[in-house]
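A.B. asks: Dropping in structure27.tsv, with TSV, C-alpha atoms.
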```tsv
chain	number	residue	atom	x	y	z
S	1	MET	CA	-91.86	-13.30	-11.96
S	2	LYS	CA	-91.91	-9.66	-10.88
S	3	LEU	CA	-91.28	-8.01	-7.51
S	4	ARG	CA	-89.77	-5.19	-5.50
S	5	ILE	CA	-87.65	-5.89	-2.41
S	6	ALA	CA	-85.81	-3.84	0.21
S	7	ARG	CA	-82.10	-4.04	-0.61
S	8	SER	CA	-81.12	-4.64	3.04
S	9	ALA	CA	-83.37	-7.73	3.23
S	10	LEU	CA	-82.07	-8.93	-0.13
S	11	VAL	CA	-78.41	-8.62	0.91
S	12	GLU	CA	-79.01	-10.50	4.17
S	13	ALA	CA	-80.92	-13.36	2.52
S	14	VAL	CA	-78.44	-13.78	-0.33
S	15	SER	CA	-75.50	-13.67	2.08
S	16	GLN	CA	-76.99	-16.53	4.13
S	17	ALA	CA	-78.08	-18.77	1.24
S	18	SER	CA	-74.83	-18.28	-0.69
S	19	LYS	CA	-72.89	-20.07	2.08
S	20	ALA	CA	-74.15	-23.36	0.63
S	21	VAL	CA	-73.68	-22.53	-3.06
S	22	SER	CA	-71.14	-24.78	-4.77
S	23	GLN	CA	-68.10	-23.15	-6.36
S	24	LYS	CA	-66.87	-26.36	-7.99
S	25	THR	CA	-69.31	-29.14	-8.78
S	26	THR	CA	-70.15	-31.78	-11.36
S	27	LEU	CA	-73.69	-30.33	-11.40
S	28	PRO	CA	-73.43	-26.83	-12.94
S	29	ILE	CA	-76.94	-25.95	-11.70
S	30	LEU	CA	-75.57	-26.01	-8.11
S	31	THR	CA	-73.31	-23.03	-8.84
S	32	GLY	CA	-76.57	-21.10	-8.96
S	33	MET	CA	-79.08	-20.01	-6.33
S	34	LYS	CA	-82.76	-20.85	-6.66
S	35	VAL	CA	-85.17	-17.97	-6.07
S	36	THR	CA	-88.90	-18.63	-5.62
S	37	LEU	CA	-91.57	-15.93	-5.27
S	38	GLU	CA	-94.81	-16.93	-3.55
S	39	GLU	CA	-97.75	-14.88	-2.31
S	40	ASP	CA	-96.30	-14.31	1.17
S	41	SER	CA	-92.52	-14.58	0.72
S	42	LEU	CA	-89.42	-14.72	-1.47
S	43	THR	CA	-87.20	-17.76	-0.84
S	44	PHE	CA	-83.49	-18.09	-1.67
S	45	THR	CA	-81.95	-21.57	-1.71
S	46	GLY	CA	-78.28	-22.53	-2.01
S	47	SER	CA	-77.08	-26.13	-2.04
S	48	ASN	CA	-74.08	-28.39	-2.48
S	49	SER	CA	-73.47	-32.08	-1.92
S	50	ASP	CA	-73.35	-31.68	1.87
S	51	MET	CA	-75.79	-28.95	2.87
S	52	THR	CA	-78.69	-26.78	1.78
S	53	ILE	CA	-79.68	-23.37	3.17
S	54	SER	CA	-83.09	-21.81	2.46
S	55	VAL	CA	-83.89	-18.25	3.55
S	56	LYS	CA	-87.32	-16.62	3.36
S	57	VAL	CA	-87.95	-12.90	3.08
S	58	PRO	CA	-91.52	-12.20	4.28
S	59	ARG	CA	-93.72	-9.40	2.91
S	60	THR	CA	-93.44	-7.50	6.19
S	61	LEU	CA	-91.30	-7.69	9.29
S	62	ASN	CA	-91.88	-5.60	12.44
S	63	ASP	CA	-94.44	-3.50	10.52
S	64	LYS	CA	-91.85	-2.70	7.83
S	65	GLU	CA	-92.66	-3.61	4.24
S	66	LEU	CA	-89.86	-5.71	2.74
S	67	LEU	CA	-91.48	-7.20	-0.34
S	68	VAL	CA	-94.02	-6.17	-2.97
S	69	VAL	CA	-95.30	-9.12	-5.01
S	70	ASP	CA	-96.43	-8.52	-8.58
S	71	ARG	CA	-96.09	-11.80	-10.51
S	72	LEU	CA	-95.20	-15.19	-8.97
S	73	GLY	CA	-92.46	-17.39	-10.36
S	74	SER	CA	-89.06	-19.01	-9.90
S	75	VAL	CA	-85.59	-18.86	-11.40
S	76	VAL	CA	-82.03	-20.04	-10.75
S	77	VAL	CA	-79.57	-17.13	-10.76
S	78	PRO	CA	-75.76	-17.40	-11.13
S	79	GLY	CA	-74.72	-17.60	-7.47
S	80	LYS	CA	-71.40	-15.77	-7.21
S	81	VAL	CA	-72.13	-13.03	-9.75
S	82	PHE	CA	-75.59	-12.43	-8.32
S	83	GLY	CA	-74.20	-12.14	-4.78
S	84	ASP	CA	-71.54	-9.66	-5.90
S	85	ILE	CA	-74.12	-7.56	-7.74
S	86	VAL	CA	-76.55	-7.47	-4.82
S	87	ARG	CA	-73.87	-6.18	-2.44
S	88	LYS	CA	-72.95	-3.33	-4.84
S	89	LEU	CA	-76.43	-2.08	-5.73
S	90	PRO	CA	-76.84	1.66	-5.01
S	91	GLY	CA	-80.52	2.08	-4.07
S	92	ASP	CA	-82.67	1.15	-1.09
S	93	GLN	CA	-85.16	-0.78	-3.25
S	94	VAL	CA	-84.52	-3.41	-5.92
S	95	ASP	CA	-86.91	-4.19	-8.78
S	96	TRP	CA	-86.80	-7.63	-10.42
S	97	GLU	CA	-88.42	-9.07	-13.46
S	98	VAL	CA	-87.88	-12.51	-15.00
S	99	ASN	CA	-89.22	-13.41	-18.46
S	100	GLU	CA	-90.28	-16.80	-19.82
S	101	ARG	CA	-86.71	-17.51	-20.98
S	102	PHE	CA	-85.43	-17.03	-17.39
S	103	GLN	CA	-83.67	-13.79	-18.25
S	104	LEU	CA	-83.47	-11.59	-15.18
S	105	SER	CA	-83.62	-7.79	-15.09
S	106	ILE	CA	-82.45	-6.09	-11.87
S	107	ARG	CA	-82.89	-2.36	-11.31
S	108	SER	CA	-81.78	-0.29	-8.32
S	109	GLY	CA	-81.13	3.43	-8.25
S	110	GLN	CA	-79.51	4.33	-11.56
S	111	SER	CA	-78.16	0.81	-12.17
S	112	GLU	CA	-79.70	-1.94	-14.27
S	113	PHE	CA	-78.33	-5.46	-14.76
S	114	GLN	CA	-79.41	-8.15	-17.20
S	115	LEU	CA	-78.55	-11.73	-16.18
S	116	ASN	CA	-79.15	-15.09	-17.80
S	117	GLY	CA	-80.88	-17.42	-15.37
S	118	LEU	CA	-81.60	-21.17	-15.51
S	119	ASP	CA	-84.70	-23.34	-15.39
S	120	PRO	CA	-85.66	-23.91	-11.72
S	121	GLU	CA	-87.07	-27.36	-12.57
S	122	GLU	CA	-83.49	-28.58	-13.00
S	123	TYR	CA	-82.54	-27.55	-9.46
S	124	PRO	CA	-82.55	-30.34	-6.81
S	125	ARG	CA	-85.62	-30.24	-4.61
S	126	VAL	CA	-85.31	-29.40	-0.93
S	127	PRO	CA	-85.71	-32.59	1.17
S	128	GLN	CA	-89.09	-33.09	2.83
S	129	LEU	CA	-88.29	-34.54	6.24
S	130	SER	CA	-90.58	-36.34	8.67
S	131	THR	CA	-90.86	-34.54	12.01
S	132	ASP	CA	-91.06	-37.72	14.13
S	133	GLN	CA	-87.55	-37.27	15.54
S	134	ARG	CA	-87.66	-33.64	16.57
S	135	PHE	CA	-86.50	-31.55	19.50
S	136	SER	CA	-85.86	-27.88	20.25
S	137	ILE	CA	-82.70	-26.32	21.65
S	138	ALA	CA	-81.62	-22.76	22.43
S	139	THR	CA	-79.62	-21.27	19.57
S	140	ASP	CA	-76.88	-20.04	21.92
S	141	THR	CA	-76.57	-23.51	23.46
S	142	LEU	CA	-76.27	-25.18	20.06
S	143	LYS	CA	-73.60	-22.70	18.94
S	144	ALA	CA	-71.66	-23.28	22.17
S	145	MET	CA	-71.82	-27.07	21.71
S	146	ILE	CA	-70.46	-26.73	18.19
S	147	ARG	CA	-67.69	-24.35	19.27
S	148	GLN	CA	-66.62	-26.64	22.11
S	149	THR	CA	-66.40	-29.83	20.03
S	150	VAL	CA	-65.98	-29.27	16.29
S	151	PHE	CA	-62.27	-28.37	16.45
S	152	ALA	CA	-61.44	-31.92	17.66
S	153	ALA	CA	-62.93	-33.64	14.59
S	154	ALA	CA	-60.52	-35.33	12.19
S	155	THR	CA	-59.45	-33.64	8.97
S	156	ASN	CA	-58.04	-36.84	7.46
S	157	GLU	CA	-60.64	-38.54	5.27
S	158	ALA	CA	-59.24	-42.04	6.01
S	159	LYS	CA	-61.90	-42.52	8.69
S	160	LYS	CA	-64.79	-40.57	7.24
S	161	GLU	CA	-67.01	-40.79	10.32
S	162	LEU	CA	-64.36	-39.07	12.46
S	163	THR	CA	-64.57	-35.95	10.26
S	164	GLY	CA	-67.95	-35.27	11.85
S	165	VAL	CA	-69.40	-34.64	15.31
S	166	HIS	CA	-71.36	-37.45	16.94
S	167	PHE	CA	-74.78	-36.43	18.33
S	168	MET	CA	-76.57	-38.67	20.84
S	169	LEU	CA	-79.82	-38.08	22.75
S	170	GLN	CA	-80.88	-40.24	25.67
S	171	ASP	CA	-83.06	-39.54	28.70
S	172	GLY	CA	-83.33	-35.90	27.66
S	173	ILE	CA	-79.53	-35.39	27.57
S	174	LEU	CA	-77.96	-34.33	24.28
S	175	THR	CA	-74.29	-35.34	23.96
S	176	CYS	CA	-71.91	-34.12	21.26
S	177	VAL	CA	-68.53	-35.79	20.79
S	178	ALA	CA	-65.68	-35.17	18.35
S	179	THR	CA	-62.34	-36.98	18.15
S	180	ASP	CA	-59.46	-37.39	15.73
S	181	SER	CA	-57.96	-40.29	17.77
S	182	HIS	CA	-55.37	-37.95	19.34
S	183	ARG	CA	-57.78	-35.80	21.37
S	184	LEU	CA	-61.48	-35.73	22.21
S	185	ALA	CA	-64.04	-33.02	22.98
S	186	ARG	CA	-67.42	-33.69	24.58
S	187	ARG	CA	-70.31	-31.45	25.64
S	188	ARG	CA	-73.61	-32.43	27.25
S	189	VAL	CA	-76.78	-30.41	27.75
S	190	LYS	CA	-80.28	-31.14	28.98
S	191	VAL	CA	-82.96	-30.85	26.31
S	192	GLU	CA	-86.46	-30.01	27.48
S	193	ASN	CA	-89.43	-32.14	26.31
S	194	ALA	CA	-87.20	-34.81	24.74
S	195	GLN	CA	-87.41	-37.58	27.35
S	196	GLU	CA	-89.07	-40.02	24.95
S	197	LEU	CA	-86.70	-39.40	22.04
S	198	GLU	CA	-83.52	-41.44	21.58
S	199	LEU	CA	-80.85	-40.81	18.96
S	200	SER	CA	-77.58	-42.60	18.33
S	201	ASN	CA	-74.93	-42.63	15.60
S	202	VAL	CA	-76.03	-39.28	14.19
S	203	VAL	CA	-72.78	-37.94	12.72
S	204	ILE	CA	-72.89	-34.45	11.20
S	205	PRO	CA	-69.98	-33.26	9.02
S	206	SER	CA	-67.83	-30.77	10.90
S	207	LYS	CA	-67.84	-28.37	7.94
S	208	SER	CA	-71.65	-28.35	7.97
S	209	LEU	CA	-71.68	-27.57	11.69
S	210	GLN	CA	-69.23	-24.70	11.25
S	211	GLU	CA	-71.51	-23.19	8.60
S	212	LEU	CA	-74.55	-23.86	10.80
S	213	ALA	CA	-72.98	-21.81	13.61
S	214	LYS	CA	-72.24	-18.96	11.19
S	215	THR	CA	-75.76	-19.10	9.74
S	216	PHE	CA	-77.37	-18.65	13.16
S	217	ALA	CA	-74.65	-16.36	14.55
S	218	ASP	CA	-76.99	-13.39	15.02
S	219	TYR	CA	-80.13	-15.30	16.01
S	220	GLU	CA	-81.62	-15.83	19.47
S	221	GLY	CA	-84.35	-18.06	20.80
S	222	ASP	CA	-84.83	-21.75	20.01
S	223	VAL	CA	-84.17	-23.76	16.87
S	224	ASN	CA	-85.98	-26.94	15.85
S	225	PHE	CA	-83.74	-29.94	15.23
S	226	ILE	CA	-85.23	-32.61	12.93
S	227	ILE	CA	-83.32	-35.83	12.23
S	228	THR	CA	-83.94	-38.60	9.69
S	229	GLU	CA	-81.85	-41.57	8.58
S	230	ASN	CA	-79.48	-39.54	6.39
S	231	GLN	CA	-80.40	-35.86	6.84
S	232	ILE	CA	-80.84	-33.23	9.52
S	233	LEU	CA	-82.83	-30.01	9.39
S	234	VAL	CA	-82.25	-27.09	11.75
S	235	GLU	CA	-84.87	-24.36	11.34
S	236	HIS	CA	-85.55	-21.03	12.98
S	237	ASP	CA	-88.13	-18.49	11.78
S	238	THR	CA	-87.10	-17.73	8.20
S	239	ILE	CA	-84.02	-19.98	7.87
S	240	ALA	CA	-83.87	-23.73	7.17
S	241	PHE	CA	-80.47	-25.45	7.27
S	242	TYR	CA	-80.18	-29.00	5.89
S	243	SER	CA	-77.14	-31.27	6.09
S	244	ARG	CA	-76.48	-34.83	5.05
S	245	LEU	CA	-75.24	-37.23	7.73
S	246	LEU	CA	-72.03	-39.24	7.50
S	247	ASP	CA	-72.13	-43.00	6.98
S	248	GLY	CA	-70.25	-45.43	9.19
S	249	LYS	CA	-70.39	-46.42	12.86
S	250	TYR	CA	-68.94	-43.84	15.24
S	251	PRO	CA	-66.60	-45.46	17.79
S	252	ASP	CA	-67.53	-45.93	21.44
S	253	THR	CA	-65.59	-43.03	22.95
S	254	ASP	CA	-66.72	-43.62	26.54
S	255	ARG	CA	-64.28	-46.52	26.92
S	256	VAL	CA	-61.22	-44.27	26.40
S	257	ILE	CA	-62.22	-41.73	29.07
S	258	PRO	CA	-60.49	-42.46	32.41
S	259	LYS	CA	-62.85	-42.89	35.36
S	260	ALA	CA	-60.32	-41.65	37.93
S	261	GLY	CA	-56.69	-40.57	38.18
S	262	ASP	CA	-53.60	-40.68	40.35
S	263	THR	CA	-52.75	-36.99	39.99
S	264	SER	CA	-54.91	-33.89	39.51
S	265	ILE	CA	-54.24	-30.18	39.30
S	266	THR	CA	-56.56	-27.20	39.68
S	267	VAL	CA	-55.31	-24.00	38.09
S	268	SER	CA	-56.41	-20.69	36.63
S	269	THR	CA	-57.58	-21.30	33.05
S	270	LYS	CA	-56.25	-17.94	31.89
S	271	GLU	CA	-52.80	-18.36	33.48
S	272	LEU	CA	-52.42	-21.89	32.13
S	273	LEU	CA	-53.56	-20.87	28.66
S	274	GLN	CA	-51.11	-17.97	28.54
S	275	SER	CA	-48.22	-20.17	29.65
S	276	VAL	CA	-48.99	-22.72	26.92
S	277	GLU	CA	-49.22	-19.91	24.37
S	278	ARG	CA	-45.75	-18.70	25.33
S	279	ALA	CA	-44.27	-22.21	25.29
S	280	SER	CA	-45.78	-22.88	21.86
S	281	LEU	CA	-43.82	-19.95	20.43
S	282	ILE	CA	-40.79	-22.26	20.63
S	283	SER	CA	-42.47	-25.58	19.80
S	284	ARG	CA	-44.79	-24.56	16.98
S	285	GLU	CA	-42.10	-24.75	14.27
S	286	LYS	CA	-41.93	-28.53	14.73
S	287	SER	CA	-44.57	-30.85	13.28
S	288	ASP	CA	-45.56	-32.38	16.63
S	289	ASN	CA	-45.57	-29.00	18.48
S	290	VAL	CA	-44.56	-30.65	21.76
S	291	ILE	CA	-44.37	-28.96	25.14
S	292	LYS	CA	-43.80	-30.60	28.52
S	293	TRP	CA	-45.38	-30.18	31.94
S	294	THR	CA	-43.55	-31.23	35.07
S	295	ILE	CA	-46.01	-31.33	37.95
S	296	GLY	CA	-44.53	-30.82	41.41
S	297	GLN	CA	-45.61	-29.38	44.73
S	298	ASP	CA	-48.06	-26.49	44.19
S	299	GLN	CA	-46.84	-25.76	40.67
S	300	VAL	CA	-46.60	-26.85	37.05
S	301	GLU	CA	-43.34	-26.23	35.20
S	302	VAL	CA	-44.00	-25.55	31.53
S	303	THR	CA	-41.07	-26.15	29.18
S	304	SER	CA	-40.40	-26.29	25.46
S	305	VAL	CA	-37.11	-26.91	23.66
S	306	SER	CA	-36.10	-26.47	20.05
S	307	HIS	CA	-32.53	-27.18	18.97
S	308	GLU	CA	-32.90	-24.66	16.13
S	309	ILE	CA	-34.60	-21.84	18.10
S	310	GLY	CA	-33.93	-22.18	21.81
S	311	SER	CA	-35.97	-22.97	24.90
S	312	VAL	CA	-38.51	-21.60	27.37
S	313	SER	CA	-39.33	-22.50	30.96
S	314	GLU	CA	-41.80	-21.02	33.42
S	315	GLU	CA	-43.81	-22.00	36.47
S	316	VAL	CA	-47.58	-21.80	36.97
S	317	THR	CA	-49.06	-21.93	40.45
S	318	ALA	CA	-51.51	-24.80	40.87
S	319	ARG	CA	-53.27	-26.86	43.53
S	320	VAL	CA	-51.81	-30.35	43.12
S	321	ASN	CA	-53.26	-33.59	44.49
S	322	GLY	CA	-51.37	-36.87	44.17
S	323	GLN	CA	-47.96	-37.81	42.87
S	324	GLY	CA	-45.60	-35.67	40.80
S	325	LEU	CA	-45.66	-36.30	37.08
S	326	GLY	CA	-43.98	-35.36	33.81
S	327	ILE	CA	-46.06	-35.39	30.64
S	328	SER	CA	-45.62	-34.14	27.05
S	329	PHE	CA	-48.34	-33.28	24.55
S	330	ASN	CA	-49.24	-31.28	21.45
S	331	ALA	CA	-49.47	-27.59	22.41
S	332	ARG	CA	-52.12	-26.79	19.80
S	333	TYR	CA	-54.43	-29.46	21.21
S	334	MET	CA	-54.09	-27.94	24.67
S	335	LEU	CA	-54.65	-24.40	23.43
S	336	GLU	CA	-57.85	-25.36	21.62
S	337	ALA	CA	-59.11	-27.33	24.61
S	338	LEU	CA	-58.50	-24.50	27.10
S	339	ARG	CA	-60.02	-21.86	24.80
S	340	SER	CA	-63.21	-23.90	24.54
S	341	LEU	CA	-63.82	-23.91	28.30
S	342	GLU	CA	-66.13	-21.38	29.93
S	343	SER	CA	-64.65	-21.45	33.42
S	344	ASP	CA	-62.13	-19.43	35.41
S	345	GLN	CA	-60.66	-22.58	36.95
S	346	VAL	CA	-59.76	-25.81	35.19
S	347	GLU	CA	-59.18	-29.27	36.66
S	348	ILE	CA	-56.88	-31.71	34.85
S	349	VAL	CA	-56.75	-35.37	35.87
S	350	PHE	CA	-53.85	-37.70	34.97
S	351	THR	CA	-53.55	-41.48	35.21
S	352	GLY	CA	-49.96	-41.71	33.97
S	353	PRO	CA	-47.39	-40.14	31.63
S	354	MET	CA	-48.60	-42.08	28.56
S	355	THR	CA	-52.35	-42.38	29.10
S	356	PRO	CA	-55.02	-39.86	28.00
S	357	PHE	CA	-55.73	-37.09	30.52
S	358	LYS	CA	-58.98	-35.22	31.20
S	359	ILE	CA	-59.47	-31.44	31.15
S	360	GLN	CA	-62.69	-30.05	32.65
S	361	PRO	CA	-64.06	-26.84	34.13
S	362	LYS	CA	-63.65	-26.94	37.90
S	363	ASP	CA	-67.28	-25.96	38.49
S	364	ALA	CA	-69.06	-28.08	35.85
S	365	ASP	CA	-69.07	-31.64	34.53
S	366	ASP	CA	-70.96	-31.02	31.28
S	367	THR	CA	-67.79	-30.25	29.31
S	368	LEU	CA	-64.81	-32.56	28.86
S	369	GLN	CA	-61.61	-32.45	26.82
S	370	LEU	CA	-59.23	-35.39	26.47
S	371	ILE	CA	-55.66	-35.34	25.11
S	372	VAL	CA	-53.35	-38.28	24.34
S	373	PRO	CA	-49.75	-37.62	25.51
S	374	ILE	CA	-46.74	-37.82	23.20
S	375	ARG	CA	-43.78	-40.07	23.90
S	376	THR	CA	-40.49	-38.18	24.01
S	377	ARG	CA	-36.92	-39.41	24.48
```
Can the structure from this file be put into structure tokens for me?

C.D. replies:
Amino acid sequence: MKLRIARSALVEAVSQASKAVSQKTTLPILTGMKVTLEEDSLTFTGSNSDMTISVKVPRTLNDKELLVVDRLGSVVVPGKVFGDIVRKLPGDQVDWEVNERFQLSIRSGQSEFQLNGLDPEEYPRVPQLSTDQRFSIATDTLKAMIRQTVFAAATNEAKKELTGVHFMLQDGILTCVATDSHRLARRRVKVENAQELELSNVVIPSKSLQELAKTFADYEGDVNFIITENQILVEHDTIAFYSRLLDGKYPDTDRVIPKAGDTSITVSTKELLQSVERASLISREKSDNVIKWTIGQDQVEVTSVSHEIGSVSEEVTARVNGQGLGISFNARYMLEALRSLESDQVEIVFTGPMTPFKIQPKDADDTLQLIVPIRTR
């Protein structure tokens, strides 16, 4: 294997693929990164037990030569060390050569490194997925859906399926739901050309989705979403992102969402968020991080009390419909819910002091947050 590659393209590809490289694993080969040189591209692949990321560097991009191919081949390089070396190389071009014993020589500027590689045949093969269940979605939309739901997934492994985000597709509507049993986040979007495709109980690990959003952070346009029984593939131009799916039946979350309420408030999202942030300065030292809202005529009183620290009280102007109400909840849940909304005004609907309440943008019904109140003395 022998080649020359632009250092900028090398750094970008290695940075992306290394996100999936295992640091601790029972398979030592997965601490490495597989590199494969073909006639038209150089591919970097990182993998762990949950996800795989493959990145291709083409020969040319936008009329700029990125890659000169001399001798085809493949090798597994030590992931962390290789990534550190690549970022520190001094020149604009990098020359590689790999011998039959998988020893790698890297030259750039006045620097030369010799690394011991591994046999690529020992590296797990990238899954070959059927494209029967496939749809396309705008990259920005997918990233927004992840951002607006993933924070509500459980971190406790007791219910494994709740540590992921549930994806459903029906009648061309893609729905993403995450819940940890104390709060819920849901986002819906219309997917073009997917009327005939139905998906249910597709549960993607939240950690995989967070890495997926980072992987496509700087990309625009559409991505292809391919789903099989136990894997997903999200691909866009030169990047392919694979993730395993979680086992187990995701609960029916629709049944816990109230259909109507006795009391509702409409309020500035920014003003409400800032008031909760101030109240949480007092409550955050306690494990349940409780603050209280007292809803009266044209206002919400926000209070928090700590016997060790002190107290805070302030009023937020709101449009109130229905009866007055007092309700307590976890401040962090509210902060994360409000920060996920893309609306100047928020509507919050209550059915009682101890039943879950809905938080939605005033001008849209495609986003929903749900929080379970906390009982206080």

A.B. asks: Write out as a PDB file with C-alpha atoms, keeping the file's coordinate frame the residues lying within 9 Å of S:Ile309, counting only C-alpha atoms and excluding same-chain residues fewer than 3 positions away.

C.D. replies:
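For reference, around25.pdb as written:
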```
ATOM      1  CA  ILE S 282     -40.790 -22.260  20.630  1.00  0.00           C
ATOM      2  CA  SER S 283     -42.470 -25.580  19.800  1.00  0.00           C
ATOM      3  CA  GLU S 285     -42.100 -24.750  14.270  1.00  0.00           C
ATOM      4  CA  VAL S 305     -37.110 -26.910  23.660  1.00  0.00           C
ATOM      5  CA  SER S 306     -36.100 -26.470  20.050  1.00  0.00           C
TER       6      SER S 306
END
```

A.B. asks: At a cut-off of 12 Å from (-88.3, -15.4, -22.4) in the coordinates of the file, what residues are picked up using only C-alpha atoms, written as an mmCIF file with C-alpha atoms, in the coordinates of the input?

C.D. replies:
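Done, and the output landed in point.cif:
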```cif
data_model
loop_
_atom_site.group_PDB
_atom_site.id
_atom_site.type_symbol
_atom_site.label_atom_id
_atom_site.label_comp_id
_atom_site.auth_asym_id
_atom_site.auth_seq_id
_atom_site.Cartn_x
_atom_site.Cartn_y
_atom_site.Cartn_z
ATOM 1 C CA MET S 1 -91.860 -13.300 -11.960
ATOM 2 C CA VAL S 75 -85.590 -18.860 -11.400
ATOM 3 C CA GLU S 97 -88.420 -9.070 -13.460
ATOM 4 C CA VAL S 98 -87.880 -12.510 -15.000
ATOM 5 C CA ASN S 99 -89.220 -13.410 -18.460
ATOM 6 C CA GLU S 100 -90.280 -16.800 -19.820
ATOM 7 C CA ARG S 101 -86.710 -17.510 -20.980
ATOM 8 C CA PHE S 102 -85.430 -17.030 -17.390
ATOM 9 C CA GLN S 103 -83.670 -13.790 -18.250
ATOM 10 C CA LEU S 104 -83.470 -11.590 -15.180
ATOM 11 C CA SER S 105 -83.620 -7.790 -15.090
ATOM 12 C CA ASN S 116 -79.150 -15.090 -17.800
ATOM 13 C CA GLY S 117 -80.880 -17.420 -15.370
ATOM 14 C CA LEU S 118 -81.600 -21.170 -15.510
ATOM 15 C CA ASP S 119 -84.700 -23.340 -15.390
#
```

A.B. asks: Please compute the atom CA of S:Val191-atom CA of S:Ile257 distance, one decimal, in Å.

C.D. replies: 23.6 Å

A.B. asks: Compare S:Leu209, S:Ile227, S:Val302, S:Ile137 by their minimum atom-to-atom distance to S:Thr163, counting all atoms listed in the file, and give me the closest one.

C.D. replies: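 Using all atoms listed in the file, the shortest distance to S:Thr163 belongs to S:Leu209.
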
A.B. asks: Give me the residues near stretch 28-44 of chain S as a PyMOL selection string, where near means some atom within 7 Å (using all atoms listed in the file) and where sequence neighbours in that chain fewer than 5 positions away do not count.

C.D. replies: chain S and resi 13-14+17+21-23+54-59+69+72-79+120+123

A.B. asks: To one decimal place, how far is atom CA of S:Leu3 from atom CA of S:Arg71 in Å?

C.D. replies: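 Here the two named atoms are 6.8 Å from each other.
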
A.B. asks: Extract, using all atoms listed in the file, all DNA, RNA and protein residues at most 10 Å from S:Ser108, discarding same-chain residues fewer than 6 positions from it, and format them as a ChimeraX atom specification.

C.D. replies: /S:4,7,86,88-96

A.B. asks: Of the candidates S:Arg255, S:Arg134, S:Lys143, S:Arg332, which one gets nearest to S:Arg278 if we count only C-alpha atoms?

C.D. replies: S:Arg332

A.B. asks: When you draw a straight line from atom CA of S:Ile53 to atom CA of S:Glu121, how long is it in Å?

C.D. replies: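 These atoms are spaced 17.8 Å apart.
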
A.B. asks: Find the spatial neighbours of S:Ile371, counting only C-alpha atoms, within a cut-off of 9 Å - ignore same-chain residues fewer than 4 positions away - and output them as a list in words.

C.D. replies: His182, Arg183, Leu184, Ala185, Phe329, Asn330, Tyr333, Met334, Ala337, Thr355, Pro356, Phe357, Lys358 and Ile359 of chain S

A.B. asks: Have a look at S:Phe241, S:Phe225, S:Phe82, S:Phe113 and name the one nearest to S:Leu174; count all atoms listed in the file.

C.D. replies: S:Phe225

A.B. asks: Using only C-alpha atoms, which residue out of S:Leu273, S:Val267, S:Ile5, S:Cys176 lies closest to S:Asp298?

C.D. replies: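 Among the listed residues, the smallest separation from S:Asp298 belongs to S:Val267.
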
A.B. asks: Which residue is closest to S:Arg147? Choose from S:Ser8, S:Gln210, S:Ser181, S:Ser49 and count all atoms listed in the file.

C.D. replies: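 Closest residue, counting all atoms listed in the file: S:Gln210.
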
A.B. asks: Between S:Ala213, S:Ile173, S:Leu115, S:Ala240, which residue has the minimum interatomic distance to S:Val150, considering all atoms listed in the file?

C.D. replies: S:Ala213

A.B. asks: Would you list the residues near (-56.2, -20.1, 31.5), meaning any protein, DNA or RNA residue with an atom at most 10 Å from that point in file coordinates, counting all atoms listed in the file, as a PyMOL selection string?

C.D. replies: chain S and resi 267-277+335+338-339+341+343-346

A.B. asks: Could those selected residues go to a file with C-alpha atoms, as a tab-separated table (two decimals), in the coordinates of the input?

C.D. replies:
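The resulting part-v7.tsv:
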```tsv
chain	number	residue	atom	x	y	z
S	267	VAL	CA	-55.31	-24.00	38.09
S	268	SER	CA	-56.41	-20.69	36.63
S	269	THR	CA	-57.58	-21.30	33.05
S	270	LYS	CA	-56.25	-17.94	31.89
S	271	GLU	CA	-52.80	-18.36	33.48
S	272	LEU	CA	-52.42	-21.89	32.13
S	273	LEU	CA	-53.56	-20.87	28.66
S	274	GLN	CA	-51.11	-17.97	28.54
S	275	SER	CA	-48.22	-20.17	29.65
S	276	VAL	CA	-48.99	-22.72	26.92
S	277	GLU	CA	-49.22	-19.91	24.37
S	335	LEU	CA	-54.65	-24.40	23.43
S	338	LEU	CA	-58.50	-24.50	27.10
S	339	ARG	CA	-60.02	-21.86	24.80
S	341	LEU	CA	-63.82	-23.91	28.30
S	343	SER	CA	-64.65	-21.45	33.42
S	344	ASP	CA	-62.13	-19.43	35.41
S	345	GLN	CA	-60.66	-22.58	36.95
S	346	VAL	CA	-59.76	-25.81	35.19
```

A.B. asks: Stretch 42-59 of chain S, all listed atoms, 6 Å padding on each side: what axis-aligned box centre and edge lengths in Å to one decimal come out, as AutoDock Vina command-line options?

C.D. replies:
```
--center_x -83.5 --center_y -20.7 --center_z 0.9 --size_x 32.4 --size_y 34.7 --size_z 18.8
```
